[in-house]
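Here the structure is laid out as structure tokens; the discussion comes afterwards.
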Amino acid sequence: MQDAFTRFLERGQAATRSTSPAEAVAAELSNLIASGWQAPDPRYRTLQPGLPYGSYLLHLSPEGDFCVVQDVFAPGQLTGIHHHRTWGAVGTLEGCERNSRYAVAPDMRDAPRFLDSHLLSAGDVTTVGDGELDFHEVECASEVPSISLHVYGADIGRLERIMWDPDRQAYRSFTSGYSNQAVGLPLP
Ligand SMILES: [Fe+2]
């Protein structure tokens, strides 16, 4: 089973050198999910009570330019509206997620404006843009937890990013971090 993941890392890393890395990596991610791959330790499936979602770093290249994360959402949990500052490919392993895109004006004065949303079921793969104004929100839309794999061109958990804060009605910086150590898993 881990051979499939090793193969994905090799091919995925090579795909980052493509002219459209998000799409090229998404194709490799689709193959990995179709293989039936699962994370080797059940702790990677742990929900994070009190946190928006669990986010486990599975792999980070030495250069920090190829990062694989497994996210786990309880039913109804959601990320908040955020951007990425890097290209990304996202695939659903289990359950169902609603991926909603938002328009944000360059001056970032007004609230994000809803654009569209898509349901992603097991096996579905999509991409996220690297633009400063490419905002989206992910929500678990199934009655069981959703588990998804996320691949980025940067160390996403340590990258300072921006999200919309609905309580303050303003954008704010955030760093998403990783959940590995909270459940006793090493950070690779
Ligand atoms: Fe995201």
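Each chain of the structure tokens is named A, B, ... in the order shown, its residues numbered from 1; ligands are numbered from 1 in display order.
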
How close does each residue of chain A get to ligand 1, giving the shortest atom pair and distance in Å to one decimal for every residue with an atom at most 10 Å away, counting only C-alpha atoms and all ligand atoms, sorted by chain and residue number, as JSON lines?
```
{"residue": "A:Thr79", "atom": "CA", "partner": "ligand 1", "partner_atom_place_in_ligand_line": "1 (Fe)", "distance": 7.5}
{"residue": "A:Gly80", "atom": "CA", "partner": "ligand 1", "partner_atom_place_in_ligand_line": "1 (Fe)", "distance": 8.9}
{"residue": "A:Ile81", "atom": "CA", "partner": "ligand 1", "partner_atom_place_in_ligand_line": "1 (Fe)", "distance": 8.0}
{"residue": "A:His82", "atom": "CA", "partner": "ligand 1", "partner_atom_place_in_ligand_line": "1 (Fe)", "distance": 6.3}
{"residue": "A:His83", "atom": "CA", "partner": "ligand 1", "partner_atom_place_in_ligand_line": "1 (Fe)", "distance": 6.2}
{"residue": "A:His84", "atom": "CA", "partner": "ligand 1", "partner_atom_place_in_ligand_line": "1 (Fe)", "distance": 6.2}
{"residue": "A:Gly88", "atom": "CA", "partner": "ligand 1", "partner_atom_place_in_ligand_line": "1 (Fe)", "distance": 8.3}
{"residue": "A:Ala89", "atom": "CA", "partner": "ligand 1", "partner_atom_place_in_ligand_line": "1 (Fe)", "distance": 9.6}
{"residue": "A:Val90", "atom": "CA", "partner": "ligand 1", "partner_atom_place_in_ligand_line": "1 (Fe)", "distance": 8.5}
{"residue": "A:Asn99", "atom": "CA", "partner": "ligand 1", "partner_atom_place_in_ligand_line": "1 (Fe)", "distance": 8.7}
{"residue": "A:Ser100", "atom": "CA", "partner": "ligand 1", "partner_atom_place_in_ligand_line": "1 (Fe)", "distance": 9.8}
{"residue": "A:Arg101", "atom": "CA", "partner": "ligand 1", "partner_atom_place_in_ligand_line": "1 (Fe)", "distance": 9.9}
{"residue": "A:Thr127", "atom": "CA", "partner": "ligand 1", "partner_atom_place_in_ligand_line": "1 (Fe)", "distance": 9.6}
{"residue": "A:Val128", "atom": "CA", "partner": "ligand 1", "partner_atom_place_in_ligand_line": "1 (Fe)", "distance": 7.3}
{"residue": "A:Gly129", "atom": "CA", "partner": "ligand 1", "partner_atom_place_in_ligand_line": "1 (Fe)", "distance": 9.6}
{"residue": "A:Asp134", "atom": "CA", "partner": "ligand 1", "partner_atom_place_in_ligand_line": "1 (Fe)", "distance": 9.6}
{"residue": "A:Phe135", "atom": "CA", "partner": "ligand 1", "partner_atom_place_in_ligand_line": "1 (Fe)", "distance": 7.8}
{"residue": "A:His136", "atom": "CA", "partner": "ligand 1", "partner_atom_place_in_ligand_line": "1 (Fe)", "distance": 6.1}
{"residue": "A:Glu137", "atom": "CA", "partner": "ligand 1", "partner_atom_place_in_ligand_line": "1 (Fe)", "distance": 6.4}
{"residue": "A:Val138", "atom": "CA", "partner": "ligand 1", "partner_atom_place_in_ligand_line": "1 (Fe)", "distance": 6.7}
{"residue": "A:His150", "atom": "CA", "partner": "ligand 1", "partner_atom_place_in_ligand_line": "1 (Fe)", "distance": 8.5}
{"residue": "A:Tyr152", "atom": "CA", "partner": "ligand 1", "partner_atom_place_in_ligand_line": "1 (Fe)", "distance": 9.9}
{"residue": "A:Ile156", "atom": "CA", "partner": "ligand 1", "partner_atom_place_in_ligand_line": "1 (Fe)", "distance": 9.6}
```

Kindly export the residues of the current selection with N, CA and C atoms, as a PDB file, in the first residue's frame.
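New file part39.pdb:
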```
ATOM      1  N   THR A  79     -13.777  25.271   7.246  1.00  0.00           N
ATOM      2  CA  THR A  79     -12.456  25.884   7.373  1.00  0.00           C
ATOM      3  C   THR A  79     -12.494  27.385   7.634  1.00  0.00           C
ATOM      4  N   GLY A  80     -13.560  28.059   7.271  1.00  0.00           N
ATOM      5  CA  GLY A  80     -13.486  29.519   7.149  1.00  0.00           C
ATOM      6  C   GLY A  80     -12.982  29.850   5.742  1.00  0.00           C
ATOM      7  N   ILE A  81     -13.221  31.082   5.314  1.00  0.00           N
ATOM      8  CA  ILE A  81     -12.910  31.483   3.938  1.00  0.00           C
ATOM      9  C   ILE A  81     -11.457  31.967   3.899  1.00  0.00           C
ATOM     10  N   HIS A  82     -10.629  31.288   3.101  1.00  0.00           N
ATOM     11  CA  HIS A  82      -9.187  31.536   3.135  1.00  0.00           C
ATOM     12  C   HIS A  82      -8.585  31.411   1.737  1.00  0.00           C
ATOM     13  N   HIS A  83      -7.344  31.844   1.615  1.00  0.00           N
ATOM     14  CA  HIS A  83      -6.618  31.607   0.363  1.00  0.00           C
ATOM     15  C   HIS A  83      -5.368  30.770   0.673  1.00  0.00           C
ATOM     16  N   HIS A  84      -4.517  30.535  -0.340  1.00  0.00           N
ATOM     17  CA  HIS A  84      -3.430  29.562  -0.170  1.00  0.00           C
ATOM     18  C   HIS A  84      -2.034  30.110  -0.460  1.00  0.00           C
ATOM     19  N   GLY A  88      -2.564  24.339  -5.512  1.00  0.00           N
ATOM     20  CA  GLY A  88      -2.941  23.190  -4.706  1.00  0.00           C
ATOM     21  C   GLY A  88      -3.829  22.233  -5.471  1.00  0.00           C
ATOM     22  N   ALA A  89      -3.753  20.956  -5.089  1.00  0.00           N
ATOM     23  CA  ALA A  89      -4.654  19.926  -5.609  1.00  0.00           C
ATOM     24  C   ALA A  89      -5.286  19.240  -4.405  1.00  0.00           C
ATOM     25  N   VAL A  90      -6.600  19.027  -4.472  1.00  0.00           N
ATOM     26  CA  VAL A  90      -7.343  18.491  -3.331  1.00  0.00           C
ATOM     27  C   VAL A  90      -8.190  17.322  -3.802  1.00  0.00           C
ATOM     28  N   ASN A  99     -17.019  22.465  -1.510  1.00  0.00           N
ATOM     29  CA  ASN A  99     -15.952  23.428  -1.795  1.00  0.00           C
ATOM     30  C   ASN A  99     -16.603  24.678  -2.384  1.00  0.00           C
ATOM     31  N   SER A 100     -16.573  25.792  -1.653  1.00  0.00           N
ATOM     32  CA  SER A 100     -17.237  27.020  -2.095  1.00  0.00           C
ATOM     33  C   SER A 100     -16.195  28.080  -2.414  1.00  0.00           C
ATOM     34  N   ARG A 101     -16.338  28.683  -3.586  1.00  0.00           N
ATOM     35  CA  ARG A 101     -15.392  29.727  -3.995  1.00  0.00           C
ATOM     36  C   ARG A 101     -16.002  31.106  -3.734  1.00  0.00           C
ATOM     37  N   THR A 127      -8.703  21.565  -7.943  1.00  0.00           N
ATOM     38  CA  THR A 127      -7.486  22.354  -7.742  1.00  0.00           C
ATOM     39  C   THR A 127      -7.850  23.680  -7.075  1.00  0.00           C
ATOM     40  N   VAL A 128      -6.849  24.304  -6.455  1.00  0.00           N
ATOM     41  CA  VAL A 128      -7.034  25.663  -5.935  1.00  0.00           C
ATOM     42  C   VAL A 128      -5.951  26.549  -6.548  1.00  0.00           C
ATOM     43  N   GLY A 129      -6.308  27.821  -6.748  1.00  0.00           N
ATOM     44  CA  GLY A 129      -5.392  28.750  -7.386  1.00  0.00           C
ATOM     45  C   GLY A 129      -4.418  29.372  -6.396  1.00  0.00           C
ATOM     46  N   ASP A 134      -7.759  34.312  -4.653  1.00  0.00           N
ATOM     47  CA  ASP A 134      -8.412  33.010  -4.846  1.00  0.00           C
ATOM     48  C   ASP A 134      -8.837  32.445  -3.493  1.00  0.00           C
ATOM     49  N   PHE A 135     -10.007  32.857  -3.030  1.00  0.00           N
ATOM     50  CA  PHE A 135     -10.481  32.427  -1.709  1.00  0.00           C
ATOM     51  C   PHE A 135     -11.503  31.302  -1.844  1.00  0.00           C
ATOM     52  N   HIS A 136     -11.478  30.391  -0.887  1.00  0.00           N
ATOM     53  CA  HIS A 136     -12.517  29.360  -0.840  1.00  0.00           C
ATOM     54  C   HIS A 136     -12.759  28.926   0.604  1.00  0.00           C
ATOM     55  N   GLU A 137     -13.789  28.091   0.753  1.00  0.00           N
ATOM     56  CA  GLU A 137     -14.118  27.517   2.055  1.00  0.00           C
ATOM     57  C   GLU A 137     -14.488  26.062   1.842  1.00  0.00           C
ATOM     58  N   VAL A 138     -14.069  25.199   2.758  1.00  0.00           N
ATOM     59  CA  VAL A 138     -14.391  23.777   2.656  1.00  0.00           C
ATOM     60  C   VAL A 138     -15.198  23.381   3.889  1.00  0.00           C
ATOM     61  N   HIS A 150      -4.500  16.871   0.445  1.00  0.00           N
ATOM     62  CA  HIS A 150      -4.222  18.198  -0.093  1.00  0.00           C
ATOM     63  C   HIS A 150      -2.738  18.259  -0.446  1.00  0.00           C
ATOM     64  N   TYR A 152       0.277  20.822  -1.968  1.00  0.00           N
ATOM     65  CA  TYR A 152       0.565  22.237  -2.207  1.00  0.00           C
ATOM     66  C   TYR A 152       2.023  22.421  -2.613  1.00  0.00           C
ATOM     67  N   ILE A 156       2.355  24.475   3.621  1.00  0.00           N
ATOM     68  CA  ILE A 156       1.096  25.206   3.803  1.00  0.00           C
ATOM     69  C   ILE A 156       0.782  25.512   5.269  1.00  0.00           C
TER      70      ILE A 156
END
```

Write out as a ChimeraX atom specification which residues come within 12 Å of Gly50 in chain A when counting only C-alpha atoms, dropping same-chain ones fewer than 2 positions away.
-> /A:47-48,52-54,73-74,77-78

For Leu32 in chain A, list every protein, DNA or RNA residue within 9 Å, evaluated using only C-alpha atoms, and leave out those in the same chain fewer than 5 positions away; present the list as a CSV table (one decimal) with all heavy atoms, in the first residue's frame.
```
chain,number,residue,atom,x,y,z
A,4,ALA,N,2.3,2.6,-3.3
A,4,ALA,CA,1.5,3.6,-4.0
A,4,ALA,C,1.8,5.0,-3.6
A,4,ALA,O,1.9,5.9,-4.4
A,4,ALA,CB,0.0,3.3,-3.9
A,5,PHE,N,2.0,5.2,-2.3
A,5,PHE,CA,2.3,6.6,-1.8
A,5,PHE,C,3.7,7.0,-2.3
A,5,PHE,O,3.9,8.2,-2.7
A,5,PHE,CB,2.1,6.6,-0.3
A,5,PHE,CG,2.1,8.0,0.3
A,5,PHE,CD1,1.0,8.8,0.0
A,5,PHE,CD2,3.2,8.5,1.0
A,5,PHE,CE1,1.0,10.1,0.5
A,5,PHE,CE2,3.1,9.8,1.5
A,5,PHE,CZ,2.1,10.6,1.3
A,7,ARG,N,5.2,6.0,-4.9
A,7,ARG,CA,5.2,6.3,-6.3
A,7,ARG,C,4.5,7.7,-6.6
A,7,ARG,O,4.9,8.5,-7.4
A,7,ARG,CB,4.4,5.2,-7.0
A,7,ARG,CG,4.7,5.0,-8.4
A,7,ARG,CD,4.2,3.6,-9.0
A,7,ARG,NE,2.9,3.2,-8.5
A,7,ARG,CZ,2.7,2.1,-7.8
A,7,ARG,NH1,3.7,1.4,-7.4
A,7,ARG,NH2,1.5,1.8,-7.4
A,8,PHE,N,3.5,7.9,-5.8
A,8,PHE,CA,2.8,9.2,-5.9
A,8,PHE,C,3.7,10.4,-5.6
A,8,PHE,O,3.8,11.4,-6.3
A,8,PHE,CB,1.6,9.3,-4.9
A,8,PHE,CG,1.1,10.7,-4.7
A,8,PHE,CD1,0.4,11.3,-5.8
A,8,PHE,CD2,1.3,11.3,-3.5
A,8,PHE,CE1,0.0,12.7,-5.6
A,8,PHE,CE2,0.9,12.6,-3.4
A,8,PHE,CZ,0.2,13.3,-4.4
A,27,ALA,N,-3.8,15.1,-11.3
A,27,ALA,CA,-3.9,13.8,-12.1
A,27,ALA,C,-3.2,12.7,-11.3
A,27,ALA,O,-3.7,11.5,-11.2
A,27,ALA,CB,-3.3,13.9,-13.5
A,37,TRP,N,-5.5,3.8,-1.5
A,37,TRP,CA,-4.5,4.1,-0.5
A,37,TRP,C,-5.1,4.7,0.7
A,37,TRP,O,-6.1,5.5,0.6
A,37,TRP,CB,-3.5,5.1,-1.1
A,37,TRP,CG,-2.5,5.6,0.0
A,37,TRP,CD1,-1.3,4.9,0.3
A,37,TRP,CD2,-2.6,6.7,0.8
A,37,TRP,NE1,-0.7,5.6,1.3
A,37,TRP,CE2,-1.4,6.7,1.7
A,37,TRP,CE3,-3.5,7.7,1.0
A,37,TRP,CZ2,-1.2,7.7,2.6
A,37,TRP,CZ3,-3.3,8.7,1.9
A,37,TRP,CH2,-2.2,8.7,2.7
```

Pull the strand (DSSP E or B) assignments for chain A out of DSSP run on the backbone, and list those residues as a CSV table (one decimal) with N, CA and C atoms, in the first residue's frame.
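What ended up in selection_15.csv:
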```csv
chain,number,residue,atom,x,y,z
A,54,GLY,N,-8.9,18.6,11.7
A,54,GLY,CA,-7.6,18.0,11.9
A,54,GLY,C,-6.8,18.1,10.6
A,55,SER,N,-5.5,18.5,10.6
A,55,SER,CA,-4.7,18.6,9.5
A,55,SER,C,-3.3,18.0,9.7
A,56,TYR,N,-3.1,16.9,9.0
A,56,TYR,CA,-1.9,16.1,9.3
A,56,TYR,C,-0.9,16.2,8.2
A,57,LEU,N,0.3,16.6,8.5
A,57,LEU,CA,1.4,16.6,7.5
A,57,LEU,C,1.9,15.2,7.2
A,58,LEU,N,1.8,14.8,6.0
A,58,LEU,CA,2.2,13.4,5.6
A,58,LEU,C,3.6,13.5,5.0
A,59,HIS,N,3.9,14.5,4.2
A,59,HIS,CA,5.2,14.6,3.5
A,59,HIS,C,5.5,16.1,3.2
A,60,LEU,N,6.8,16.4,3.4
A,60,LEU,CA,7.2,17.8,3.0
A,60,LEU,C,8.6,17.6,2.4
A,67,CYS,N,4.2,19.5,-0.6
A,67,CYS,CA,3.7,19.3,0.7
A,67,CYS,C,2.4,18.5,0.6
A,68,VAL,N,2.3,17.4,1.3
A,68,VAL,CA,1.1,16.5,1.3
A,68,VAL,C,0.4,16.5,2.7
A,69,VAL,N,-0.8,16.8,2.7
A,69,VAL,CA,-1.5,17.0,4.0
A,69,VAL,C,-2.8,16.2,4.0
A,70,GLN,N,-3.2,15.5,5.1
A,70,GLN,CA,-4.5,14.8,5.2
A,70,GLN,C,-5.4,15.6,6.1
A,71,ASP,N,-6.5,16.1,5.7
A,71,ASP,CA,-7.4,16.8,6.5
A,71,ASP,C,-8.6,15.9,6.9
A,72,VAL,N,-9.1,16.1,8.1
A,72,VAL,CA,-10.2,15.3,8.6
A,72,VAL,C,-11.2,16.3,9.2
A,73,PHE,N,-12.5,16.3,8.7
A,73,PHE,CA,-13.5,17.2,9.2
A,73,PHE,C,-14.7,16.3,9.8
A,78,LEU,N,-16.1,23.3,9.3
A,78,LEU,CA,-15.7,24.1,8.1
A,78,LEU,C,-14.4,24.9,8.3
A,82,HIS,N,-10.6,31.3,3.1
A,82,HIS,CA,-9.2,31.5,3.1
A,82,HIS,C,-8.6,31.4,1.7
A,88,GLY,N,-2.6,24.3,-5.5
A,88,GLY,CA,-2.9,23.2,-4.7
A,88,GLY,C,-3.8,22.2,-5.5
A,89,ALA,N,-3.8,21.0,-5.1
A,89,ALA,CA,-4.7,19.9,-5.6
A,89,ALA,C,-5.3,19.2,-4.4
A,90,VAL,N,-6.6,19.0,-4.5
A,90,VAL,CA,-7.3,18.5,-3.3
A,90,VAL,C,-8.2,17.3,-3.8
A,91,GLY,N,-8.1,16.2,-3.1
A,91,GLY,CA,-8.9,15.0,-3.5
A,91,GLY,C,-9.6,14.4,-2.2
A,92,THR,N,-10.8,14.0,-2.4
A,92,THR,CA,-11.6,13.4,-1.3
A,92,THR,C,-11.4,11.9,-1.2
A,93,LEU,N,-11.0,11.4,0.0
A,93,LEU,CA,-10.8,10.0,0.2
A,93,LEU,C,-12.1,9.4,0.7
A,94,GLU,N,-12.8,10.0,1.7
A,94,GLU,CA,-14.0,9.5,2.3
A,94,GLU,C,-14.9,10.6,2.6
A,96,CYS,N,-17.9,13.4,2.1
A,96,CYS,CA,-18.2,14.4,1.0
A,96,CYS,C,-17.9,15.8,1.6
A,97,GLU,N,-17.3,16.6,0.7
A,97,GLU,CA,-17.0,18.0,1.1
A,97,GLU,C,-17.6,19.0,0.1
A,98,ARG,N,-18.0,20.1,0.7
A,98,ARG,CA,-18.5,21.2,-0.1
A,98,ARG,C,-17.4,22.2,-0.3
A,99,ASN,N,-17.0,22.5,-1.5
A,99,ASN,CA,-16.0,23.4,-1.8
A,99,ASN,C,-16.6,24.7,-2.4
A,100,SER,N,-16.6,25.8,-1.7
A,100,SER,CA,-17.2,27.0,-2.1
A,100,SER,C,-16.2,28.1,-2.4
A,101,ARG,N,-16.3,28.7,-3.6
A,101,ARG,CA,-15.4,29.7,-4.0
A,101,ARG,C,-16.0,31.1,-3.7
A,102,TYR,N,-15.1,32.1,-3.4
A,102,TYR,CA,-15.6,33.4,-3.1
A,102,TYR,C,-14.8,34.4,-3.9
A,103,ALA,N,-15.4,35.5,-4.2
A,103,ALA,CA,-14.7,36.7,-4.9
A,103,ALA,C,-14.4,37.7,-3.8
A,113,ARG,N,-17.6,37.6,-1.5
A,113,ARG,CA,-18.9,37.4,-2.1
A,113,ARG,C,-18.9,35.9,-2.7
A,114,PHE,N,-19.9,35.2,-2.3
A,114,PHE,CA,-20.1,33.8,-2.7
A,114,PHE,C,-20.1,33.7,-4.3
A,115,LEU,N,-19.3,32.8,-4.8
A,115,LEU,CA,-19.3,32.6,-6.3
A,115,LEU,C,-20.1,31.3,-6.7
A,116,ASP,N,-19.6,30.2,-6.2
A,116,ASP,CA,-20.2,28.9,-6.5
A,116,ASP,C,-19.7,27.9,-5.5
A,117,SER,N,-20.4,26.7,-5.5
A,117,SER,CA,-19.9,25.6,-4.7
A,117,SER,C,-20.1,24.3,-5.4
A,118,HIS,N,-19.2,23.4,-5.1
A,118,HIS,CA,-19.3,22.0,-5.7
A,118,HIS,C,-19.1,21.0,-4.6
A,119,LEU,N,-19.9,19.9,-4.7
A,119,LEU,CA,-19.7,18.8,-3.8
A,119,LEU,C,-18.7,17.8,-4.3
A,120,LEU,N,-17.8,17.5,-3.4
A,120,LEU,CA,-16.7,16.6,-3.8
A,120,LEU,C,-16.9,15.3,-3.0
A,121,SER,N,-17.1,14.2,-3.7
A,121,SER,CA,-17.3,12.9,-3.1
A,121,SER,C,-16.0,12.1,-3.2
A,125,VAL,N,-11.4,15.0,-7.4
A,125,VAL,CA,-10.2,15.8,-7.2
A,125,VAL,C,-10.4,17.2,-7.8
A,126,THR,N,-10.0,18.2,-7.2
A,126,THR,CA,-10.1,19.6,-7.7
A,126,THR,C,-8.8,20.3,-7.5
A,127,THR,N,-8.7,21.6,-7.9
A,127,THR,CA,-7.5,22.4,-7.7
A,127,THR,C,-7.9,23.7,-7.1
A,128,VAL,N,-6.8,24.3,-6.5
A,128,VAL,CA,-7.0,25.7,-5.9
A,128,VAL,C,-6.0,26.5,-6.5
A,135,PHE,N,-10.0,32.9,-3.0
A,135,PHE,CA,-10.5,32.4,-1.7
A,135,PHE,C,-11.5,31.3,-1.8
A,136,HIS,N,-11.5,30.4,-0.9
A,136,HIS,CA,-12.5,29.4,-0.8
A,136,HIS,C,-12.8,28.9,0.6
A,137,GLU,N,-13.8,28.1,0.8
A,137,GLU,CA,-14.1,27.5,2.1
A,137,GLU,C,-14.5,26.1,1.8
A,138,VAL,N,-14.1,25.2,2.8
A,138,VAL,CA,-14.4,23.8,2.7
A,138,VAL,C,-15.2,23.4,3.9
A,139,GLU,N,-16.3,22.6,3.6
A,139,GLU,CA,-17.1,22.2,4.7
A,139,GLU,C,-17.4,20.7,4.5
A,140,CYS,N,-17.5,19.9,5.6
A,140,CYS,CA,-17.9,18.5,5.6
A,140,CYS,C,-19.4,18.5,5.3
A,146,SER,N,-15.4,13.6,6.8
A,146,SER,CA,-14.8,13.6,5.5
A,146,SER,C,-13.2,13.6,5.7
A,147,ILE,N,-12.6,12.9,4.8
A,147,ILE,CA,-11.1,12.8,4.8
A,147,ILE,C,-10.6,13.2,3.4
A,148,SER,N,-9.7,14.1,3.4
A,148,SER,CA,-9.2,14.6,2.0
A,148,SER,C,-7.7,14.8,2.1
A,149,LEU,N,-7.1,14.6,0.9
A,149,LEU,CA,-5.7,14.8,0.7
A,149,LEU,C,-5.5,16.1,0.0
A,150,HIS,N,-4.5,16.9,0.4
A,150,HIS,CA,-4.2,18.2,-0.1
A,150,HIS,C,-2.7,18.3,-0.4
A,151,VAL,N,-2.5,18.7,-1.6
A,151,VAL,CA,-1.1,18.8,-2.1
A,151,VAL,C,-0.8,20.2,-2.5
A,152,TYR,N,0.3,20.8,-2.0
A,152,TYR,CA,0.6,22.2,-2.2
A,152,TYR,C,2.0,22.4,-2.6
A,161,ARG,N,-1.1,33.2,5.9
A,161,ARG,CA,-2.1,33.4,4.9
A,161,ARG,C,-3.2,34.4,5.5
A,162,ILE,N,-4.3,34.6,4.7
A,162,ILE,CA,-5.3,35.5,5.1
A,162,ILE,C,-6.7,34.7,5.1
A,163,MET,N,-7.5,35.0,6.1
A,163,MET,CA,-8.8,34.5,6.1
A,163,MET,C,-9.8,35.6,6.5
A,164,TRP,N,-11.1,35.3,6.2
A,164,TRP,CA,-12.1,36.3,6.5
A,164,TRP,C,-12.6,35.9,8.0
A,165,ASP,N,-12.6,36.9,8.8
A,165,ASP,CA,-13.1,36.8,10.2
A,165,ASP,C,-14.5,37.3,10.3
A,170,ALA,N,-13.8,41.4,9.1
A,170,ALA,CA,-12.5,41.9,8.6
A,170,ALA,C,-11.6,40.7,8.2
A,171,TYR,N,-10.7,40.9,7.3
A,171,TYR,CA,-9.7,39.9,7.0
A,171,TYR,C,-8.6,39.9,8.0
A,172,ARG,N,-8.0,38.7,8.3
A,172,ARG,CA,-6.9,38.7,9.2
A,172,ARG,C,-5.9,37.6,8.8
A,173,SER,N,-4.7,37.7,9.3
A,173,SER,CA,-3.6,36.8,9.0
A,173,SER,C,-3.9,35.5,9.8
A,174,PHE,N,-3.5,34.4,9.3
A,174,PHE,CA,-3.5,33.2,10.1
A,174,PHE,C,-2.4,32.2,9.6
```

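When only C-alpha atoms are used to compute distances to Ala39 in chain A, the closest of the residues A:Pro166, A:Pro188, A:Gln2, A:Pro21 turns out to be A:Gln2.
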
Between CA of Ser35 in chain A and CA of Asp124 in chain A, what is the distance, to one decimal in Å?
-> 13.2 Å

Among A:Arg17, A:Glu28, A:Leu185, A:Asp65, Pro40 in chain A is approached most closely, using only C-alpha atoms, by A:Leu185

Check the smallest atom-to-atom distance from each of A:Ala24, A:Ala14, A:Thr19, A:Phe66 to Ala154 in chain A using only C-alpha atoms, then report the winner.
-> A:Phe66

CA of Gly123 in chain A to CA of Ile33 in chain A, straight-line distance in Å |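 CA of Ile33 in chain A sits 6.1 Å away from CA of Gly123 in chain A.
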
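Shell of Arg158 in chain A at 6 Å, with only C-alpha atoms counted and residues fewer than 2 places along the chain excluded, is Asp155, Ile156, Thr175 and Gly177 of chain A.
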
Residues of range 18-182 of chain A in alpha helix (DSSP H), written as a VMD selection string | chain A and resid 21 to 34

Go ahead and write the residues just picked, C-alpha atoms, as a PDB file, in the first residue's frame.
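Everything below was put into result_30.pdb:
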```
ATOM      1  CA  PRO A  21       1.465  22.063 -11.577  1.00  0.00           C
ATOM      2  CA  ALA A  22      -1.950  22.029  -9.887  1.00  0.00           C
ATOM      3  CA  GLU A  23      -3.560  20.113 -12.761  1.00  0.00           C
ATOM      4  CA  ALA A  24      -0.566  17.807 -13.269  1.00  0.00           C
ATOM      5  CA  VAL A  25      -0.395  16.962  -9.560  1.00  0.00           C
ATOM      6  CA  ALA A  26      -4.201  16.535  -9.440  1.00  0.00           C
ATOM      7  CA  ALA A  27      -3.913  13.778 -12.066  1.00  0.00           C
ATOM      8  CA  GLU A  28      -1.347  11.951  -9.913  1.00  0.00           C
ATOM      9  CA  LEU A  29      -3.499  12.472  -6.828  1.00  0.00           C
ATOM     10  CA  SER A  30      -6.453  10.960  -8.656  1.00  0.00           C
ATOM     11  CA  ASN A  31      -4.384   7.826  -9.373  1.00  0.00           C
ATOM     12  CA  LEU A  32      -3.337   7.560  -5.724  1.00  0.00           C
ATOM     13  CA  ILE A  33      -6.939   7.759  -4.493  1.00  0.00           C
ATOM     14  CA  ALA A  34      -8.088   5.234  -7.110  1.00  0.00           C
TER      15      ALA A  34
END
```

Please indicate the distance in Å from CA of Pro75 in chain A to CA of Leu187 in chain A, rounded to one decimal place.
->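 The value is 26.1 Å.
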
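Counting only C-alpha atoms and comparing A:Ser18, A:Gln38, A:Thr46, A:Thr86, the residue that lies closest to Gly153 in chain A is A:Thr86.
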